[in-house]
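Have a look at the structure below before the remarks.
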Amino acid sequence: MAYQSLLKTLQKKDKLSASELKKVERVKKTSVAESLPQLLVKLGLCSELDVADAFVESGQFEKVTADQYPLEMQLPETVSLRFLKNYHVIGLNHTDDDITVALMDPEDQFTINALRLATGKPIIAKVGLLSEIDAALDVQYGEARSKMDKLVDDLAVGEEDLEHLKDLASEAPVIKMVNLIMQRAIETRASDIHIEPFEQALKIRLRVDGVLQEIDAPNVKSTAAVISRIKIMAKLNIAERRLPQDGRIKVQMLGKELDLRVSTIPTMYGESVVIRLLDKENTVLDFAALGFAGRHLQQFIDVLSQPHGIILITGPTGSGKSTTMYAALKQLNTSERKIITVEDPVEYQMEGINQIQAKPQIGLTFASALRSIVRQDPDVIMIGEMRDLETARIAVQSALTGHLVLSTLHTNDAAGGITRLLDMGLEEYLLTSTVNGILAQRLVRKLCPACKEGSIAAPEIVKDLRLQRFAPEGDIVLYKPVGCSACAGMGYRGRLAIIEFLPMTDPIRKLIMAHEEAGAIQKLAIAEGMQTLYENGLVKVIQGITTLEEVMRVTSET
């Protein structure tokens, strides 16, 4: 079978399994018209981006980005638009000596030979995304503008005309528009989609590795229909625009099963929508992959193995607390343990764990759910967040009666978790007798391993940051982001946690009983060997995993 190099690369990158490959081979026998790369995308086994990146890696082809497609036609009129659309090929550049084109399948010799015969010139092939090639063809051949103008005219609808709006939101152009936004988010590994209406524009931004990036958006006239389409998918009330709403969408796209969490709020110029993408396949619930290593990892596993007590995970919103919590639940999830959670919202659904969605509007709060949970004979209880004294008291009582309790708090460091509970009104003797350990964490972007560049750190930097304590021998090499096709020019790819773990020792318990401040508790913990968030970040910088700038961005210590 052809395309062996492409298939080996996809399998090496875990984008294609052996069973999926057999499926493709069976379908290919009955589908002569479509090439194998097209089938991979059509069957949802790989995304267009996966295929393009695999061609770059396996066949030494250069990838074309969306902004590199010229606006004017580059091929002679002897090559018909119908041919270009059927075979998904577009002209990029022509000279007296040769013609450069972009194809989804740069190894398609039939198309390349046909172009060579039609133009009388050698053909240089590059690889592009099928959707971007088709869109660029519309621009080059003058079809995109008329289509978009017609689409925008169709979508220009008064907000009071709800029935018409509902009809438009269910029609193909709007469905395709919303699907393309979601597809772009999946291909760029975005965690959130932000759809924000303004007076003169509709802005769409994707949060990739914790940083927002703006992408091309539909015309502002389509705002109402696009937002209504998303609300219909999330089973929200499209007539209600005055109040915030929350919903969920389950979709299968680009071969992935996605759980989307949708939140809307009213703004001056319409509803602002944020969609959280929860990709079950790409969610790694493994401590080592999350950034746990060495002493931290062993301490956290030791605390998890204790039969009862409270384990707290602290950090601001977006610091990866939920993912760490689910990784801990995965570790604890055995047939011998009954695990019940109460969350708001339930982010990941896990087999074998009883998960409760809190609904304050009907009285199902964390506290009321917890009272019922303890009568269900659980071994492990997970509370999404300790928000009030009542919830904290029930959690403490549960820990005292032999349950292992996991929960989160919004504090800046591990020691701050203790003072937060005391400030809530929890008695210090209850806190010291139930809390086993507190973990604080932040997320930093990981350097792209394909393009990062290292250089020996300047002596003044080593001295100022005291880096020699983490690498006593030899020169210290610091890495910087560069940008390549593997990381979409960002220089970073993926994130991991930097952490500090404060185990509850007897000296620390004495400080708590004496009502000492968080600073004193932190100082004692460091004296006992605790590595701070900042120090853990510096270790990962020296290891070449992240950059000094990233650690400085998420930690306040200097």
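For the structure tokens, the naming scheme is as follows: chains receive sequential letters (A, B, ...) according to their order of presentation, residues are indexed from 1 within each chain, and ligands are indexed from 1 in presentation order.
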
Env of Thr95 of chain A: 12 Å cut, atoms = only C-alpha atoms, seq-sep filter 4 positions within chain, self excluded. Answer as a JSON list (two decimals) with C-alpha atoms, in the first residue's frame.
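What landed in selection02.json:
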```json
[["chain", "number", "residue", "atom", "x", "y", "z"],
["A", 74, "GLN", "CA", -1.49, 31.78, -10.22],
["A", 75, "LEU", "CA", -2.42, 29.07, -12.75],
["A", 76, "PRO", "CA", -3.24, 29.60, -16.46],
["A", 91, "GLY", "CA", -1.53, 27.72, -7.39],
["A", 99, "ILE", "CA", 4.91, 26.52, -10.86],
["A", 100, "THR", "CA", 4.42, 26.01, -7.10],
["A", 101, "VAL", "CA", 1.12, 24.55, -5.93],
["A", 119, "THR", "CA", 0.97, 24.10, -18.00],
["A", 121, "LYS", "CA", 6.16, 23.47, -16.64],
["A", 122, "PRO", "CA", 7.64, 21.45, -13.75],
["A", 123, "ILE", "CA", 5.44, 21.42, -10.65],
["A", 124, "ILE", "CA", 6.72, 22.03, -7.10]]
```

So that I can see what lies close to segment 270-279 of chain A, please list as an MDAnalysis selection string the residues with an atom at most 7 Å from it, counting only C-alpha atoms and leaving out residues fewer than 4 positions away in the same chain. chainID A and resid 191:197 241 257:266 283

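Atom CA of Leu430 of chain A to atom CA of Lys330 of chain A spans 27.9 Å [interatomic distance, one decimal].
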
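Counting only C-alpha atoms, the residue from A:Ile508, A:Leu400, A:Leu290, A:Ile418 that sits nearest to Arg442 of chain A is A:Leu290.
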
Please identify the alpha helix (DSSP H) residues within segment 356-520 of chain A (assignment by DSSP from backbone atoms) and present them as number ranges by chain. A: 366-373, 389-400, 414-424, 428-434, 459-465, 506-513, 518-520
